[in-house]
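Dumped start.txt below, it's compact mmCIF, C-alpha atoms:
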```
# COMPACT_ATOMS: atom_id res chain seq x y z
CA MET A 1 36.15 -132.27 -27.79
CA ILE A 2 36.13 -130.49 -24.43
CA HIS A 3 32.49 -131.54 -24.02
CA PHE A 4 33.44 -135.17 -24.44
CA LEU A 5 36.20 -134.69 -21.86
CA PHE A 6 33.73 -133.29 -19.33
CA LEU A 7 31.37 -136.16 -20.08
CA THR A 8 34.14 -138.69 -19.53
CA ILE A 9 35.31 -137.10 -16.27
CA PHE A 10 31.74 -137.01 -15.01
CA CYS A 11 31.10 -140.65 -15.92
CA LEU A 12 34.37 -141.78 -14.34
CA ALA A 13 33.56 -139.99 -11.09
CA VAL A 14 30.07 -141.48 -10.92
CA GLY A 15 31.37 -144.92 -11.89
CA LEU A 16 34.07 -144.84 -9.23
CA VAL A 17 31.64 -143.89 -6.48
CA LEU A 18 29.12 -146.57 -7.48
CA GLY A 19 31.85 -149.17 -8.02
CA ALA A 20 33.37 -148.57 -4.58
CA MET A 21 29.91 -148.61 -3.05
CA LEU A 22 28.74 -151.84 -4.62
CA ARG A 23 31.92 -153.94 -4.58
CA HIS A 24 34.27 -154.79 -1.74
CA SER A 25 37.61 -155.58 -3.33
CA PRO A 26 39.51 -152.90 -5.30
CA ARG A 27 39.71 -155.11 -8.38
CA ASP A 28 35.96 -155.71 -8.49
CA ALA A 29 35.25 -152.06 -7.72
CA MET A 30 37.49 -150.85 -10.53
CA ALA A 31 35.97 -153.32 -12.96
CA LEU A 32 32.45 -152.23 -12.12
CA ALA A 33 33.47 -148.55 -12.24
CA GLY A 34 34.89 -149.11 -15.71
CA TRP A 35 31.74 -150.80 -16.92
CA ILE A 36 29.49 -148.10 -15.49
CA ALA A 37 31.61 -145.28 -16.91
CA ALA A 38 31.91 -146.95 -20.31
CA GLY A 39 28.17 -147.60 -20.38
CA MET A 40 27.33 -144.02 -19.50
CA VAL A 41 29.74 -142.60 -22.09
CA GLY A 42 28.52 -145.04 -24.73
CA VAL A 43 24.84 -144.35 -24.14
CA ALA A 44 25.43 -140.58 -24.09
CA TYR A 45 27.43 -140.79 -27.33
CA LEU A 46 24.76 -142.92 -28.99
CA MET A 47 21.94 -140.69 -27.84
CA SER A 48 23.71 -137.56 -29.00
CA TRP A 49 24.09 -139.00 -32.50
CA MET A 50 20.45 -140.16 -32.51
CA MET A 51 19.28 -136.68 -31.53
CA TYR A 52 21.49 -135.14 -34.18
CA LEU A 53 20.27 -137.46 -36.93
CA LEU A 54 16.61 -137.95 -36.00
CA LEU A 55 15.43 -134.69 -34.48
CA PRO A 56 14.67 -131.76 -36.77
CA MET B 1 29.34 -157.57 -1.36
CA THR B 2 31.55 -158.75 1.43
CA GLY B 3 34.85 -160.40 0.91
CA SER B 4 36.19 -163.72 1.99
CA ALA B 5 38.15 -164.15 5.23
CA ASP B 6 41.52 -163.06 3.85
CA GLU B 7 40.35 -160.60 1.22
CA ILE B 8 41.81 -157.10 1.30
CA SER B 9 39.12 -154.45 0.97
CA ILE B 10 39.27 -151.02 -0.64
CA ASP B 11 40.06 -149.63 2.81
CA GLY B 12 43.19 -151.74 3.08
CA SER B 13 41.77 -153.76 5.93
CA VAL B 14 41.87 -157.52 5.99
CA ALA B 15 38.62 -159.13 7.04
CA GLY B 16 38.88 -161.01 10.32
CA ASP B 17 41.95 -159.33 11.84
CA ALA B 18 40.24 -157.01 14.35
CA GLU B 19 39.96 -157.71 18.05
CA GLU B 20 37.17 -155.67 19.69
CA SER B 21 33.59 -155.26 18.55
CA GLY B 22 32.15 -151.77 18.03
CA THR B 23 35.51 -150.27 17.08
CA PRO B 24 36.28 -148.93 13.62
CA GLU B 25 38.31 -152.07 13.06
CA ALA B 26 35.30 -154.15 13.95
CA VAL B 27 33.17 -152.19 11.52
CA ALA B 28 35.77 -152.89 8.89
CA ARG B 29 35.01 -156.57 9.36
CA ASP B 30 31.27 -155.97 8.88
CA GLU B 31 30.12 -155.95 12.52
CA PRO B 32 27.26 -153.61 13.51
CA VAL B 33 27.88 -150.67 15.84
CA ALA B 34 25.63 -148.97 18.41
CA PRO B 35 22.60 -147.18 16.87
CA PRO B 36 23.58 -143.69 18.11
CA ARG B 37 26.93 -144.08 16.42
CA VAL B 38 25.23 -145.19 13.21
CA VAL B 39 23.06 -142.06 13.28
CA PHE B 40 26.09 -139.89 14.06
CA SER B 41 27.99 -141.43 11.16
CA CYS B 42 25.10 -140.83 8.78
CA VAL B 43 24.81 -137.18 9.82
CA LEU B 44 28.56 -136.81 9.49
CA ALA B 45 28.47 -138.51 6.07
CA TRP B 46 25.88 -135.97 4.92
CA ALA B 47 27.61 -132.92 6.43
CA VAL B 48 31.13 -133.70 5.24
CA PRO B 49 31.38 -136.02 2.22
CA GLY B 50 33.35 -139.14 3.12
CA ALA B 51 33.58 -138.36 6.85
CA GLY B 52 30.90 -140.89 7.79
CA HIS B 53 32.89 -143.76 6.37
CA ILE B 54 36.07 -142.46 7.97
CA ALA B 55 34.29 -142.33 11.34
CA LEU B 56 33.33 -145.96 10.82
CA GLY B 57 36.92 -146.95 10.09
CA ARG B 58 36.51 -147.18 6.32
CA TRP B 59 39.32 -144.79 5.51
CA GLY B 60 39.83 -145.82 1.92
CA ARG B 61 36.21 -145.50 0.93
CA GLY B 62 35.80 -142.32 2.93
CA LEU B 63 38.70 -140.58 1.26
CA LEU B 64 37.63 -141.82 -2.16
CA PHE B 65 34.01 -140.74 -1.73
CA GLY B 66 34.93 -137.42 -0.17
CA SER B 67 37.46 -136.49 -2.83
CA LEU B 68 35.18 -137.50 -5.71
CA VAL B 69 32.10 -135.71 -4.39
CA LEU B 70 34.04 -132.55 -3.58
CA ALA B 71 35.80 -132.71 -6.95
CA LEU B 72 32.42 -132.87 -8.69
CA LEU B 73 31.11 -129.94 -6.65
CA VAL B 74 34.20 -127.78 -7.10
CA GLY B 75 34.42 -128.76 -10.76
CA GLY B 76 30.80 -127.74 -11.27
CA ILE B 77 31.39 -124.38 -9.64
CA ALA B 78 34.58 -123.92 -11.68
CA LEU B 79 32.55 -124.57 -14.83
CA GLU B 80 30.37 -121.63 -13.79
CA GLY B 81 27.44 -123.86 -12.91
CA LYS B 82 25.06 -122.93 -10.15
CA VAL B 83 24.35 -124.73 -6.92
CA TYR B 84 20.58 -124.95 -6.90
CA ARG B 85 18.57 -123.05 -4.32
CA PRO B 86 14.80 -123.14 -3.80
CA ILE B 87 13.01 -120.34 -5.64
CA PRO B 88 9.43 -119.54 -4.54
CA GLY B 89 6.95 -120.25 -7.31
CA GLU B 90 9.24 -122.73 -9.08
CA PRO B 91 8.50 -126.15 -7.59
CA LEU B 92 11.20 -128.00 -9.52
CA THR B 93 13.90 -125.86 -7.91
CA TYR B 94 12.86 -127.29 -4.54
CA LEU B 95 13.66 -130.80 -5.76
CA ALA B 96 16.92 -129.68 -7.34
CA ALA B 97 17.92 -127.79 -4.18
CA LEU B 98 17.10 -130.87 -2.10
CA GLY B 99 19.43 -132.92 -4.27
CA ALA B 100 22.20 -130.33 -4.29
CA ALA B 101 21.93 -129.92 -0.51
CA GLY B 102 22.87 -133.58 -0.20
CA VAL B 103 26.48 -132.48 -0.24
CA GLY B 104 26.07 -130.93 3.22
CA ILE B 105 28.28 -128.18 4.59
CA PRO B 106 29.97 -127.42 1.23
CA PHE B 107 26.49 -126.59 -0.10
CA ALA B 108 26.06 -123.99 2.66
CA LEU B 109 29.58 -122.67 2.10
CA ALA B 110 28.98 -122.29 -1.64
CA HIS B 111 25.90 -120.18 -0.95
CA ALA B 112 27.51 -118.24 1.90
CA PHE B 113 30.50 -117.21 -0.20
CA GLY B 114 28.51 -116.43 -3.34
CA TRP B 115 29.92 -119.28 -5.43
CA ALA B 116 26.49 -120.77 -6.05
CA ASP B 117 25.02 -118.38 -8.58
CA GLY B 118 26.81 -119.58 -11.69
CA ASN B 119 27.01 -117.77 -14.98
CA LEU B 120 24.00 -118.33 -17.20
CA SER B 121 25.86 -117.10 -20.28
CA GLY B 122 28.86 -119.35 -19.60
CA ALA B 123 29.60 -122.01 -22.20
CA TYR B 124 29.61 -124.80 -19.61
CA PHE B 125 26.79 -123.59 -17.38
CA GLU B 126 24.65 -126.71 -17.84
CA TYR B 127 27.63 -129.01 -17.32
CA GLY B 128 28.39 -127.21 -14.08
CA ASN B 129 24.77 -127.52 -12.94
CA THR B 130 24.87 -131.25 -13.57
CA PHE B 131 28.15 -131.65 -11.71
CA THR B 132 26.94 -129.81 -8.60
CA LEU B 133 23.56 -131.54 -8.56
CA VAL B 134 25.00 -135.03 -9.01
CA ALA B 135 27.59 -134.35 -6.29
CA GLY B 136 24.71 -133.88 -3.86
CA LEU B 137 22.78 -136.90 -5.11
CA LEU B 138 25.84 -139.14 -4.92
CA ASN B 139 26.49 -137.99 -1.37
CA LEU B 140 22.94 -138.98 -0.42
CA LEU B 141 23.72 -142.48 -1.73
CA ILE B 142 26.95 -142.41 0.28
CA VAL B 143 24.94 -141.59 3.42
CA LEU B 144 22.84 -144.69 2.79
CA ASP B 145 26.03 -146.70 2.28
CA ALA B 146 27.39 -145.38 5.60
CA PHE B 147 24.16 -146.58 7.23
CA ASP B 148 24.63 -150.02 5.72
CA VAL B 149 28.23 -150.11 6.96
CA GLY B 150 27.12 -149.05 10.44
CA ILE B 151 24.51 -151.77 10.80
CA GLY B 152 26.94 -154.36 9.49
CA ARG B 153 25.21 -154.99 6.18
CA ARG B 154 28.44 -154.25 4.27
```

Here is the file; what I need is its structure written in the form of structure tokens.
Amino acid sequence: MIHFLFLTIFCLAVGLVLGAMLRHSPRDAMALAGWIAAGMVGVAYLMSWMMYLLLP
Amino acid sequence: MTGSADEISIDGSVAGDAEESGTPEAVARDEPVAPPRVVFSCVLAWAVPGAGHIALGRWGRGLLFGSLVLALLVGGIALEGKVYRPIPGEPLTYLAALGAAGVGIPFALAHAFGWADGNLSGAYFEYGNTFTLVAGLLNLLIVLDAFDVGIGRR
């Protein structure tokens, strides 16, 4: 569980930086940050299950 | 993306309410500044995360970028990760060190005070490595963003 927490913190930090960099208004920046963070967490979660199930 | 005339930005400034050009307030309304000041801001942005944007009048972004980048770096060190340094004979460490050095003065401080070695047997060593490396890479992007702000592209 602590690994997932670190993953989430990392993705939120990266998402916030990219969101603030690519959008001007706080609302747009937060929305983009949320999408980026959610995408990163989702892809990491999916890939971790794929590696667990598919790799020997 | 720039806002409309009355849009409030992340920095709390309202586009179109500044008076002089070349001032931080003018930068906040997307006007270019003198080239030497752009270069100075980029160097400052690299050396101290967030300081380049603050020098250009983008206080909100500067504080946000600085706090996030430093939090990633400090978090990585706290997780017993290493701050990469170039090791002769290992070419990939040169690339990693180049990325980690993107965080500027804190990179030098981490090495000077012996916080950069990490703990290979630590449970979160790889997490820490990723945090410190990405802090540097993000700050390099922030330097580019400071350049864009300085020339009035943002």

Write out as a ChimeraX atom specification which residues come within 9 Å of Leu68 (chain B) when counting only C-alpha atoms, dropping same-chain ones fewer than 3 positions away.
/A:13-14,16-17 /B:49,63-65,71-73,135

Distance query Pro106 (chain B) at most 9 Å, all atoms listed in the file, self and fewer than 3 positions along chain excluded, as a VMD selection string:
chain B and resid 47 to 49 70 73 101 103 109 to 111

Specify as number ranges by chain all residues of chain A found within 8 Å of chain B, counting all atoms listed in the file.
A: 6, 10, 13-14, 17, 20-26

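Going from CA of Cys11 (chain A) to CA of Met40 (chain A) covers 6.2 Å.
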
Atomic separation - CA of Cys42 (chain B) relative to CA of Ala97 (chain B), Å
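Pair CA of Ala97 (chain B) / CA of Cys42 (chain B) returns 19.7 Å.
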
Could region 17-49 of chain A be completed with N, CA and C atoms and returned as an mmCIF file, in the coordinates of the input?
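What ended up in rebuild-v6.cif:
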```
data_model
loop_
_atom_site.group_PDB
_atom_site.id
_atom_site.type_symbol
_atom_site.label_atom_id
_atom_site.label_comp_id
_atom_site.auth_asym_id
_atom_site.auth_seq_id
_atom_site.Cartn_x
_atom_site.Cartn_y
_atom_site.Cartn_z
ATOM 1 N N VAL A 17 32.429 -143.902 -7.719
ATOM 2 C CA VAL A 17 31.640 -143.890 -6.480
ATOM 3 C C VAL A 17 30.747 -145.136 -6.415
ATOM 4 N N LEU A 18 30.031 -145.413 -7.496
ATOM 5 C CA LEU A 18 29.120 -146.570 -7.480
ATOM 6 C C LEU A 18 29.900 -147.884 -7.396
ATOM 7 N N GLY A 19 31.049 -147.949 -8.082
ATOM 8 C CA GLY A 19 31.850 -149.170 -8.020
ATOM 9 C C GLY A 19 32.354 -149.438 -6.614
ATOM 10 N N ALA A 20 32.864 -148.399 -5.948
ATOM 11 C CA ALA A 20 33.370 -148.570 -4.580
ATOM 12 C C ALA A 20 32.239 -148.874 -3.605
ATOM 13 N N MET A 21 31.039 -148.386 -3.942
ATOM 14 C CA MET A 21 29.910 -148.610 -3.050
ATOM 15 C C MET A 21 29.357 -150.030 -3.163
ATOM 16 N N LEU A 22 29.417 -150.565 -4.371
ATOM 17 C CA LEU A 22 28.740 -151.840 -4.620
ATOM 18 C C LEU A 22 29.668 -153.048 -4.595
ATOM 19 N N ARG A 23 30.960 -152.825 -4.605
ATOM 20 C CA ARG A 23 31.920 -153.940 -4.580
ATOM 21 C C ARG A 23 32.902 -153.762 -3.443
ATOM 22 N N HIS A 24 33.393 -154.858 -2.920
ATOM 23 C CA HIS A 24 34.270 -154.790 -1.740
ATOM 24 C C HIS A 24 35.739 -154.693 -2.127
ATOM 25 N N SER A 25 36.182 -155.553 -3.003
ATOM 26 C CA SER A 25 37.610 -155.580 -3.330
ATOM 27 C C SER A 25 37.933 -154.511 -4.382
ATOM 28 N N PRO A 26 39.135 -153.936 -4.332
ATOM 29 C CA PRO A 26 39.510 -152.900 -5.300
ATOM 30 C C PRO A 26 39.388 -153.363 -6.743
ATOM 31 N N ARG A 27 39.771 -154.609 -6.999
ATOM 32 C CA ARG A 27 39.710 -155.110 -8.380
ATOM 33 C C ARG A 27 38.275 -155.130 -8.896
ATOM 34 N N ASP A 28 37.364 -155.673 -8.085
ATOM 35 C CA ASP A 28 35.960 -155.710 -8.490
ATOM 36 C C ASP A 28 35.383 -154.311 -8.628
ATOM 37 N N ALA A 29 35.768 -153.434 -7.680
ATOM 38 C CA ALA A 29 35.250 -152.060 -7.720
ATOM 39 C C ALA A 29 35.708 -151.342 -8.973
ATOM 40 N N MET A 30 36.972 -151.509 -9.330
ATOM 41 C CA MET A 30 37.490 -150.850 -10.530
ATOM 42 C C MET A 30 36.830 -151.401 -11.785
ATOM 43 N N ALA A 31 36.624 -152.718 -11.794
ATOM 44 C CA ALA A 31 35.970 -153.320 -12.960
ATOM 45 C C ALA A 31 34.563 -152.783 -13.133
ATOM 46 N N LEU A 32 33.818 -152.747 -12.030
ATOM 47 C CA LEU A 32 32.450 -152.230 -12.120
ATOM 48 C C LEU A 32 32.443 -150.756 -12.491
ATOM 49 N N ALA A 33 33.382 -149.985 -11.908
ATOM 50 C CA ALA A 33 33.470 -148.550 -12.240
ATOM 51 C C ALA A 33 33.730 -148.370 -13.726
ATOM 52 N N GLY A 34 34.600 -149.193 -14.284
ATOM 53 C CA GLY A 34 34.890 -149.110 -15.710
ATOM 54 C C GLY A 34 33.675 -149.418 -16.558
ATOM 55 N N TRP A 35 32.942 -150.441 -16.167
ATOM 56 C CA TRP A 35 31.740 -150.800 -16.920
ATOM 57 C C TRP A 35 30.691 -149.699 -16.840
ATOM 58 N N ILE A 36 30.493 -149.169 -15.647
ATOM 59 C CA ILE A 36 29.490 -148.100 -15.490
ATOM 60 C C ILE A 36 29.886 -146.873 -16.305
ATOM 61 N N ALA A 37 31.154 -146.470 -16.187
ATOM 62 C CA ALA A 37 31.610 -145.280 -16.910
ATOM 63 C C ALA A 37 31.516 -145.503 -18.421
ATOM 64 N N ALA A 38 31.965 -146.666 -18.874
ATOM 65 C CA ALA A 38 31.910 -146.950 -20.310
ATOM 66 C C ALA A 38 30.462 -146.977 -20.801
ATOM 67 N N GLY A 39 29.584 -147.558 -20.001
ATOM 68 C CA GLY A 39 28.170 -147.600 -20.380
ATOM 69 C C GLY A 39 27.565 -146.222 -20.473
ATOM 70 N N MET A 40 27.881 -145.386 -19.480
ATOM 71 C CA MET A 40 27.330 -144.020 -19.500
ATOM 72 C C MET A 40 27.849 -143.226 -20.688
ATOM 73 N N VAL A 41 29.160 -143.321 -20.945
ATOM 74 C CA VAL A 41 29.740 -142.600 -22.090
ATOM 75 C C VAL A 41 29.142 -143.121 -23.393
ATOM 76 N N GLY A 42 29.047 -144.440 -23.500
ATOM 77 C CA GLY A 42 28.520 -145.040 -24.730
ATOM 78 C C GLY A 42 27.090 -144.643 -24.993
ATOM 79 N N VAL A 43 26.254 -144.707 -23.964
ATOM 80 C CA VAL A 43 24.840 -144.350 -24.140
ATOM 81 C C VAL A 43 24.711 -142.865 -24.488
ATOM 82 N N ALA A 44 25.497 -142.017 -23.797
ATOM 83 C CA ALA A 44 25.430 -140.580 -24.090
ATOM 84 C C ALA A 44 25.872 -140.300 -25.530
ATOM 85 N N TYR A 45 26.927 -140.977 -25.960
ATOM 86 C CA TYR A 45 27.430 -140.790 -27.330
ATOM 87 C C TYR A 45 26.385 -141.223 -28.358
ATOM 88 N N LEU A 46 25.788 -142.393 -28.090
ATOM 89 C CA LEU A 46 24.760 -142.920 -28.990
ATOM 90 C C LEU A 46 23.550 -141.993 -29.051
ATOM 91 N N MET A 47 23.114 -141.556 -27.882
ATOM 92 C CA MET A 47 21.940 -140.690 -27.840
ATOM 93 C C MET A 47 22.200 -139.348 -28.509
ATOM 94 N N SER A 48 23.414 -138.845 -28.362
ATOM 95 C CA SER A 48 23.710 -137.560 -29.000
ATOM 96 C C SER A 48 23.669 -137.683 -30.527
ATOM 97 N N TRP A 49 24.163 -138.799 -31.060
ATOM 98 C CA TRP A 49 24.090 -139.000 -32.500
ATOM 99 C C TRP A 49 22.644 -139.199 -32.951
#
```
